[in-house]
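Here is the structure we will look at, set down as structure tokens.
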Amino acid sequence: MYSTAFLDLPPLQAAAGEVHLPGSKSISNRVLLLAALSNGTTTVHDLLASDDTRVMLDALRQIGCTVDEVGGSTVHITGLGGRTPLSPAKLFMGNAGTAMRPLTAALALLGGEFELSGVPRMHERPIGDLVDALRQLGCHIDYLGNEGYPPLRIAQGQGVPALALAAPIRVRGDVSSQFLTALLMALPLAAGAQDVVIDVVGELISKPYIAITLELLGRFGIRVQHDNWQRFTIPAGCRYQSPGTIHVEADASSASYFIALGAIAASAEGQKGIKIQGVGLDSIQGDIRFVEAARAMGAQVTGGPNWLQVERGAWPLKSIELDCNHIPDAAMTLAVMALYAEGTTTLRNIASWRVKETDRIVAMATELRKLGATVQEGDDFIRVTPQARVQDWRAASIHTYDDHRVAMCFSLAAFNPAGVPVRIEDPKCVAKTFPDYFETLFSVAHTATQQVPVICIDGPTASGKGTVAAAVAQRLGYRFLDSGAMYRITALAALRAGLQIDAAHEARIAHMAETLPVRFEGGRVWLASDDVTEAIRTEEAGMNASRVSALPAVRLALVALQHSFRRLPGLVADGRDMGTVIFPSAPLKVYLTASAACRAERRYKQLISKGFSANIDDLRADLEARDLRDSSRPVAPLKPAQDALVLDNSDLTIDEAVEKVLAWWQERQPFAAAAKG
């Protein structure tokens, strides 16, 4: 997951390949609560690992459920099975409506003393209609802040008076379907000697989400009847019973981004569109009907029980006018697809957008306009007219409002025909439902190599270039290349393979070097699955690296290997010839230097801290001699590139040098003024 302040997406041109989606958030949290209310132990497979499921799991532990996370995406839940939950308890729900609302209902009926709170945005999301319905049953619930909104306090004796169940329980259906879902999941606790009836007041929005609830209740032994989605009857005497094992379907809402990607992006050469694994046309999730909307806009979608295949069909896409009540979350993706359509697209019946993680109608309209679209918004609709000309597309820094779906759907704007980049602010907000979203996107996205940005940081020994480059890469979410380590790693790999480092084995070493599985992650150096950080820092490793570098075929092979690090979303490369030889067209080249005296002092402190003896005068003389050798060598001499910016960090801290490089980089971005950090 990218935990950077922002993530810059360069212009993307094509997409192809296979993606595996995480489990459905809607199914995951419903299954967790139903398992918690059941008799027995439920093994949940393919559970979504995200912020929303994490707060639910934490809450279940607090109230007395046994939660055993056995690794991967499997968890064992031993339910309360009629036991009273542990209380008092303070439960933090983050921004998870699928946890806050159902847990409120369940705990109010189970009895006990609880406080439920969340992030500031959760305290702006209405819950009053659910509380009103629970108060009809005699539940004691108080608001700790603004009336009608979390945080809440529940102080409830166990059980619900039978008299309270004599009349139907009324709940509004036109604000959020989560209110009805909460009641449906919790009221079997009260269905002892008599049926429990729920009447929906007004139009029920998001019916497909209620269908998911009913389907899952059935798997846990609760068969709810409904009359045209307006009256729901929970049968007397029903009991939650664990199904033993249950699998969570992949998230159909998350599939919408890759369905859209297949529709808007040309297929990479020799490949056919996007294949989505984990969810199919027979999904129980309502958002699978996004496929219908995508087809209406021109996408070619086929599928089976657990997969979808998407390719671009009509181009440009066709504009549509659609009632989106049945796909409220996935409809956000349609608003971005509208940028690639001919004509105006209107999405109606989306009032629920206003009470989600943010006011999504306002958010989508604001960010679409940044890209150059014409947008009209109303109480329950949004109308999007794309840019009239290719040159009307604008590079934009997309504010994401701590809303995972805003971040994911606007990433698709990077495939724009104008070739302008898109910045996604706070990319880590996707952790709510799809922590590895951007990694998954980059695994299937393609662009010309020259479109992938590179920052080169060259300089003499002990100038701090490696430390600065690694920090810059971390701040930008870019890949990192320590070119100086490449020869050491090659020498190590050759010796491990039984090859002598000499001219007789030059061809074999070069062939091996072309595909060395090298990674630089978390301040460590990896050769396949082996951490070789310490192994390549020895004096012997340095001598072997010098011998390897004297083999012309190996040097050539390592140039190609270094080029292979230029992958999405970008690269920061440090060395001695990154800007002059390896990446001469890099948009930012920095030559980081410091006086020989300063570098000698740094090296001296480094050696002393590791327990080695050293003489600072000898170190300085050695550095000066090495500078002379490096700058006068016939191949790739050490020198600043003609267009490099020279940064003398003799009097700068590492953090100050990093900030200077980042400032230079920001100056070169078309959305620099909107940057956050």
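Each chain in the structure tokens gets a letter, A, B and so on, in the order shown; residues start at 1 in every chain, and ligands are counted from 1 in the order they appear.
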
Near segment 213-225 of chain A, counting only C-alpha atoms, which residues have an atom at most 7 Å away, once you skip same-chain residues fewer than 5 positions from it, shown as a PyMOL selection string? chain A and resi 181+232-235+238-243

Run DSSP on the backbone of this structure and report the residues of segment 130-368 of chain A it assigns to alpha helix (DSSP H), as a PyMOL selection string. chain A and resi 130-135+177-186+207-219+252-264+290-297+331-337+360-368

Could you pull the residues within 9 Å of segment 324-333 of chain A, counting only C-alpha atoms, minus those fewer than 2 positions along the same chain, as an MDAnalysis selection string? chainID A and resid 205:209 252:257 260 286:290 293 322 335:338 347:353 360:361 364 405:406 408:410 412

Limited to N, CA and C atoms, could you put the picked residues into a file as an mmCIF file, in the first residue's frame?
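As a result, out12.cif now contains:
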```cif
data_model
loop_
_atom_site.group_PDB
_atom_site.id
_atom_site.type_symbol
_atom_site.label_atom_id
_atom_site.label_comp_id
_atom_site.auth_asym_id
_atom_site.auth_seq_id
_atom_site.Cartn_x
_atom_site.Cartn_y
_atom_site.Cartn_z
ATOM 1 N N ILE A 205 -33.849 2.448 -0.865
ATOM 2 C CA ILE A 205 -32.738 2.601 -1.802
ATOM 3 C C ILE A 205 -31.794 1.414 -1.656
ATOM 4 N N SER A 206 -30.967 1.218 -2.661
ATOM 5 C CA SER A 206 -29.903 0.206 -2.615
ATOM 6 C C SER A 206 -30.436 -1.180 -2.276
ATOM 7 N N LYS A 207 -31.510 -1.581 -2.929
ATOM 8 C CA LYS A 207 -32.098 -2.906 -2.666
ATOM 9 C C LYS A 207 -31.081 -4.043 -2.810
ATOM 10 N N PRO A 208 -30.151 -3.976 -3.760
ATOM 11 C CA PRO A 208 -29.194 -5.087 -3.874
ATOM 12 C C PRO A 208 -28.395 -5.340 -2.597
ATOM 13 N N TYR A 209 -28.145 -4.289 -1.812
ATOM 14 C CA TYR A 209 -27.425 -4.502 -0.559
ATOM 15 C C TYR A 209 -28.302 -5.231 0.457
ATOM 16 N N ALA A 252 -17.446 -6.811 -5.715
ATOM 17 C CA ALA A 252 -17.961 -6.379 -7.017
ATOM 18 C C ALA A 252 -17.790 -4.879 -7.216
ATOM 19 N N SER A 253 -17.839 -4.096 -6.120
ATOM 20 C CA SER A 253 -17.604 -2.651 -6.250
ATOM 21 C C SER A 253 -16.175 -2.399 -6.707
ATOM 22 N N SER A 254 -15.227 -3.151 -6.150
ATOM 23 C CA SER A 254 -13.829 -3.011 -6.577
ATOM 24 C C SER A 254 -13.638 -3.477 -8.012
ATOM 25 N N ALA A 255 -14.443 -4.452 -8.432
ATOM 26 C CA ALA A 255 -14.358 -4.917 -9.820
ATOM 27 C C ALA A 255 -14.699 -3.810 -10.799
ATOM 28 N N SER A 256 -15.522 -2.841 -10.360
ATOM 29 C CA SER A 256 -15.966 -1.791 -11.287
ATOM 30 C C SER A 256 -14.800 -1.012 -11.872
ATOM 31 N N TYR A 257 -13.722 -0.816 -11.093
ATOM 32 C CA TYR A 257 -12.586 -0.035 -11.595
ATOM 33 C C TYR A 257 -11.879 -0.773 -12.728
ATOM 34 N N ALA A 260 -14.160 -0.882 -15.832
ATOM 35 C CA ALA A 260 -14.010 0.403 -16.516
ATOM 36 C C ALA A 260 -12.667 0.490 -17.229
ATOM 37 N N GLY A 286 -25.102 -6.763 -5.557
ATOM 38 C CA GLY A 286 -25.824 -5.925 -6.505
ATOM 39 C C GLY A 286 -24.930 -5.164 -7.457
ATOM 40 N N ASP A 287 -23.727 -4.829 -6.994
ATOM 41 C CA ASP A 287 -22.845 -4.027 -7.848
ATOM 42 C C ASP A 287 -22.343 -4.787 -9.065
ATOM 43 N N ILE A 288 -22.632 -6.091 -9.146
ATOM 44 C CA ILE A 288 -22.266 -6.809 -10.368
ATOM 45 C C ILE A 288 -23.074 -6.264 -11.540
ATOM 46 N N ARG A 289 -24.184 -5.596 -11.252
ATOM 47 C CA ARG A 289 -24.974 -5.006 -12.338
ATOM 48 C C ARG A 289 -24.280 -3.793 -12.955
ATOM 49 N N PHE A 290 -23.146 -3.420 -12.398
ATOM 50 C CA PHE A 290 -22.305 -2.426 -13.082
ATOM 51 C C PHE A 290 -21.954 -2.915 -14.479
ATOM 52 N N ALA A 293 -24.264 -1.491 -17.028
ATOM 53 C CA ALA A 293 -23.990 -0.094 -17.367
ATOM 54 C C ALA A 293 -22.753 0.020 -18.253
ATOM 55 N N LEU A 322 -28.908 7.064 -16.484
ATOM 56 C CA LEU A 322 -29.160 5.836 -15.732
ATOM 57 C C LEU A 322 -29.621 6.131 -14.313
ATOM 58 N N ALA A 335 -19.114 7.878 -13.424
ATOM 59 C CA ALA A 335 -18.891 9.318 -13.568
ATOM 60 C C ALA A 335 -17.535 9.600 -14.197
ATOM 61 N N VAL A 336 -16.523 8.766 -13.892
ATOM 62 C CA VAL A 336 -15.209 8.942 -14.513
ATOM 63 C C VAL A 336 -15.200 8.361 -15.923
ATOM 64 N N MET A 337 -15.898 7.250 -16.133
ATOM 65 C CA MET A 337 -16.021 6.715 -17.493
ATOM 66 C C MET A 337 -16.651 7.739 -18.428
ATOM 67 N N ALA A 338 -17.515 8.601 -17.873
ATOM 68 C CA ALA A 338 -18.180 9.621 -18.689
ATOM 69 C C ALA A 338 -17.187 10.562 -19.357
ATOM 70 N N LEU A 347 -26.350 10.532 -14.186
ATOM 71 C CA LEU A 347 -26.537 9.486 -13.181
ATOM 72 C C LEU A 347 -27.552 9.996 -12.166
ATOM 73 N N ARG A 348 -28.682 9.299 -12.036
ATOM 74 C CA ARG A 348 -29.798 9.743 -11.200
ATOM 75 C C ARG A 348 -29.998 8.826 -9.995
ATOM 76 N N ASN A 349 -30.809 9.331 -9.058
ATOM 77 C CA ASN A 349 -31.209 8.565 -7.875
ATOM 78 C C ASN A 349 -29.994 8.150 -7.045
ATOM 79 N N ILE A 350 -29.108 9.113 -6.824
ATOM 80 C CA ILE A 350 -27.869 8.844 -6.074
ATOM 81 C C ILE A 350 -27.791 9.712 -4.820
ATOM 82 N N ALA A 351 -28.946 10.020 -4.230
ATOM 83 C CA ALA A 351 -28.950 10.856 -3.026
ATOM 84 C C ALA A 351 -28.119 10.244 -1.913
ATOM 85 N N SER A 352 -28.015 8.912 -1.889
ATOM 86 C CA SER A 352 -27.237 8.253 -0.829
ATOM 87 C C SER A 352 -25.759 8.629 -0.892
ATOM 88 N N TRP A 353 -25.285 9.119 -2.038
ATOM 89 C CA TRP A 353 -23.890 9.563 -2.132
ATOM 90 C C TRP A 353 -23.577 10.618 -1.074
ATOM 91 N N ARG A 360 -20.390 12.595 -1.716
ATOM 92 C CA ARG A 360 -19.763 12.153 -2.956
ATOM 93 C C ARG A 360 -20.250 12.917 -4.186
ATOM 94 N N ILE A 361 -21.424 13.475 -4.137
ATOM 95 C CA ILE A 361 -21.873 14.271 -5.289
ATOM 96 C C ILE A 361 -21.000 15.518 -5.406
ATOM 97 N N MET A 364 -17.263 14.384 -6.332
ATOM 98 C CA MET A 364 -17.075 13.975 -7.725
ATOM 99 C C MET A 364 -17.173 15.174 -8.663
ATOM 100 N N ARG A 405 -13.180 5.276 -2.557
ATOM 101 C CA ARG A 405 -13.734 5.150 -3.908
ATOM 102 C C ARG A 405 -13.388 6.363 -4.771
ATOM 103 N N VAL A 406 -13.254 7.527 -4.184
ATOM 104 C CA VAL A 406 -12.805 8.699 -4.945
ATOM 105 C C VAL A 406 -11.386 8.440 -5.471
ATOM 106 N N MET A 408 -9.821 5.583 -6.015
ATOM 107 C CA MET A 408 -9.711 4.506 -7.006
ATOM 108 C C MET A 408 -10.314 4.907 -8.345
ATOM 109 N N CYS A 409 -11.488 5.504 -8.338
ATOM 110 C CA CYS A 409 -12.099 5.783 -9.643
ATOM 111 C C CYS A 409 -11.354 6.890 -10.398
ATOM 112 N N PHE A 410 -10.781 7.861 -9.688
ATOM 113 C CA PHE A 410 -10.067 8.930 -10.399
ATOM 114 C C PHE A 410 -8.704 8.480 -10.921
ATOM 115 N N LEU A 412 -8.399 6.262 -12.924
ATOM 116 C CA LEU A 412 -8.676 5.948 -14.330
ATOM 117 C C LEU A 412 -8.496 7.166 -15.236
#
```

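Nearest to Gly237 of chain A of all the residues A:Val70, A:Ala190, A:Ile264, A:Ala448 is A:Ala190, based on only C-alpha atoms.
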
I'd like the neighbourhood of Pro316 of chain A as an MDAnalysis selection string, where a residue qualifies if any of its atoms comes within 12 Å (using only C-alpha atoms), though same-chain residues fewer than 3 positions away should be ignored. chainID A and resid 263:266 297:299 312:313 319 337:343 386 416:417

I'd like the contact shell of segment 501-517 of chain A - 8 Å cut-off, only C-alpha atoms, skipping same-chain residues fewer than 3 positions apart - returned as an MDAnalysis selection string. chainID A and resid 490:491 494:495 526:528 544 547:548 551 553:558 560:561

Pull C-alpha atoms from the residues just selected and write them as a compact mmCIF listing (two decimals), in the first residue's frame.
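The file below, result_3.txt, is the result:
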```txt
# COMPACT_ATOMS: atom_id res chain seq x y z
CA THR A 490 26.44 -9.53 -9.49
CA ALA A 491 29.77 -10.58 -8.04
CA ALA A 494 28.46 -15.23 -9.70
CA LEU A 495 30.48 -16.69 -6.85
CA TRP A 526 17.27 -8.52 -1.73
CA LEU A 527 18.47 -11.11 -4.19
CA ALA A 528 15.29 -13.10 -4.83
CA ASN A 544 34.88 -8.47 -6.29
CA ARG A 547 36.66 -7.14 -10.86
CA VAL A 548 33.13 -7.55 -12.24
CA LEU A 551 34.18 -7.08 -17.74
CA ALA A 553 29.84 -7.64 -21.35
CA VAL A 554 28.77 -7.58 -17.69
CA ARG A 555 28.70 -3.78 -17.65
CA LEU A 556 26.46 -3.84 -20.72
CA ALA A 557 24.16 -6.42 -19.15
CA LEU A 558 23.86 -4.35 -16.00
CA ALA A 560 19.91 -3.24 -19.33
CA LEU A 561 19.09 -4.49 -15.84
```

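Straight-line separation from atom CA of His140 of chain A to atom CA of Leu57 of chain A: 24.7 Å.
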
Close residues, Val468 of chain A itself excluded, 7 Å, only C-alpha atoms, min 3 positions apart in chain, as a list in words: Gly464, Lys465, Ala471, Val472, Ile654, Ala657 and Val658 of chain A

Skip Glu203 of chain A itself and residues of its chain fewer than 2 positions away, then list as an mmCIF file with C-alpha atoms, in the first residue's frame all residues within 10 Å of it, counting only C-alpha atoms.
```cif
data_model
loop_
_atom_site.group_PDB
_atom_site.id
_atom_site.type_symbol
_atom_site.label_atom_id
_atom_site.label_comp_id
_atom_site.auth_asym_id
_atom_site.auth_seq_id
_atom_site.Cartn_x
_atom_site.Cartn_y
_atom_site.Cartn_z
ATOM 1 C CA ARG A 172 -36.814 4.955 6.789
ATOM 2 C CA GLY A 173 -35.428 3.375 3.650
ATOM 3 C CA ASP A 174 -34.495 6.476 1.647
ATOM 4 C CA VAL A 175 -31.347 7.572 3.516
ATOM 5 C CA VAL A 200 -39.914 0.400 5.418
ATOM 6 C CA VAL A 201 -41.062 4.020 5.299
ATOM 7 C CA ILE A 205 -32.738 2.601 -1.802
ATOM 8 C CA SER A 206 -29.903 0.206 -2.615
ATOM 9 C CA LYS A 207 -32.098 -2.906 -2.666
ATOM 10 C CA TRP A 229 -39.144 -4.836 -0.333
ATOM 11 C CA GLN A 230 -41.472 -2.800 1.911
#
```

Based on DSSP run over this structure's backbone, return all residues of segment 208-446 of chain A in strand (DSSP E or B), as a ChimeraX atom specification. /A:225-227,231-234,241,245-247,250,266-267,274-277,300-304,307-311,317-318,321-323,341-342,345-348,374-377,381-385,396-398,422-425,445-446

Filtering to C-alpha atoms, could you give me those residues as a JSON list (two decimals), in the first residue's frame?
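As written to disk, out22.json reads:
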```
[["chain", "number", "residue", "atom", "x", "y", "z"],
["A", 225, "GLN", "CA", -39.58, -13.07, 4.06],
["A", 226, "HIS", "CA", -40.26, -9.78, 2.32],
["A", 227, "ASP", "CA", -43.26, -8.22, 0.63],
["A", 231, "ARG", "CA", -42.29, -5.30, 4.70],
["A", 232, "PHE", "CA", -39.86, -7.84, 6.12],
["A", 233, "THR", "CA", -40.84, -10.69, 8.45],
["A", 234, "ILE", "CA", -38.36, -12.44, 10.72],
["A", 241, "GLN", "CA", -26.42, -21.06, 13.56],
["A", 245, "THR", "CA", -17.33, -22.57, 6.79],
["A", 246, "ILE", "CA", -18.11, -19.63, 4.55],
["A", 247, "HIS", "CA", -16.21, -18.02, 1.68],
["A", 250, "ALA", "CA", -14.50, -10.87, -4.16],
["A", 266, "ALA", "CA", -6.54, -0.11, -25.38],
["A", 267, "SER", "CA", -5.22, -3.63, -24.88],
["A", 274, "ILE", "CA", -8.53, -7.39, -18.44],
["A", 275, "LYS", "CA", -9.46, -10.66, -16.76],
["A", 276, "ILE", "CA", -10.93, -10.27, -13.27],
["A", 277, "GLN", "CA", -10.72, -13.23, -10.91],
["A", 300, "GLN", "CA", -17.38, -5.92, -24.13],
["A", 301, "VAL", "CA", -17.87, -8.05, -21.00],
["A", 302, "THR", "CA", -18.05, -11.81, -20.76],
["A", 303, "GLY", "CA", -17.82, -13.97, -17.67],
["A", 304, "GLY", "CA", -18.42, -17.15, -15.75],
["A", 307, "TRP", "CA", -14.42, -14.48, -13.47],
["A", 308, "LEU", "CA", -15.01, -11.60, -15.85],
["A", 309, "GLN", "CA", -13.25, -10.67, -19.09],
["A", 310, "VAL", "CA", -13.42, -7.04, -20.26],
["A", 311, "GLU", "CA", -12.26, -5.46, -23.51],
["A", 317, "LEU", "CA", -17.72, 5.26, -25.12],
["A", 318, "LYS", "CA", -21.43, 6.02, -25.36],
["A", 321, "GLU", "CA", -28.70, 8.28, -18.58],
["A", 322, "LEU", "CA", -29.16, 5.84, -15.73],
["A", 323, "ASP", "CA", -31.05, 5.37, -12.48],
["A", 341, "ALA", "CA", -17.86, 9.13, -23.65],
["A", 342, "GLU", "CA", -19.39, 11.04, -26.51],
["A", 345, "THR", "CA", -23.90, 11.21, -19.06],
["A", 346, "THR", "CA", -26.53, 11.62, -16.33],
["A", 347, "LEU", "CA", -26.54, 9.49, -13.18],
["A", 348, "ARG", "CA", -29.80, 9.74, -11.20],
["A", 374, "THR", "CA", -18.45, 20.32, -17.36],
["A", 375, "VAL", "CA", -20.50, 19.06, -14.41],
["A", 376, "GLN", "CA", -23.98, 19.80, -13.16],
["A", 377, "GLU", "CA", -24.99, 18.49, -9.75],
["A", 381, "PHE", "CA", -28.06, 13.44, -9.63],
["A", 382, "ILE", "CA", -24.84, 14.34, -11.39],
["A", 383, "ARG", "CA", -24.48, 15.22, -15.07],
["A", 384, "VAL", "CA", -21.05, 14.97, -16.71],
["A", 385, "THR", "CA", -20.08, 16.39, -20.10],
["A", 396, "ALA", "CA", -5.06, 17.74, -11.77],
["A", 397, "SER", "CA", -4.29, 16.98, -8.16],
["A", 398, "ILE", "CA", -7.30, 14.98, -6.97],
["A", 422, "VAL", "CA", -2.91, 12.85, -12.47],
["A", 423, "ARG", "CA", -2.03, 13.20, -8.81],
["A", 424, "ILE", "CA", -3.99, 11.20, -6.22],
["A", 425, "GLU", "CA", -3.76, 12.82, -2.80],
["A", 445, "ALA", "CA", -1.27, -0.78, -16.77],
["A", 446, "HIS", "CA", 1.19, -0.05, -19.58]]
```

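Proximity to Leu32 of chain A was assessed for A:Ala15, A:Val248, A:Ile284, A:Met1 counting only C-alpha atoms; the smallest distance is recorded for A:Val248.
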
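Shortest atom-to-atom contact with Gly192 of chain A among A:Ala597, A:Val646, A:Ala395, A:Val160: A:Val160, counting only C-alpha atoms.
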
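With only C-alpha atoms as the atoms that count, the residue of A:Pro150, A:Pro584, A:Ile63, A:Asp142 with the shortest distance to Gly112 of chain A is A:Ile63.
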
Which is closest to Pro85 of chain A among A:Gly157, A:Gly202, A:Gly611, A:Gly97, if we use only C-alpha atoms? A:Gly157

So how many Å separate atom CA of Arg567 of chain A and atom CA of Pro10 of chain A, to one decimal? 10.8 Å

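Minimum distance to Ala268 of chain A across A:Ala236, A:Ala545, A:Ala164, A:Val444 (counting only C-alpha atoms) occurs at A:Val444.
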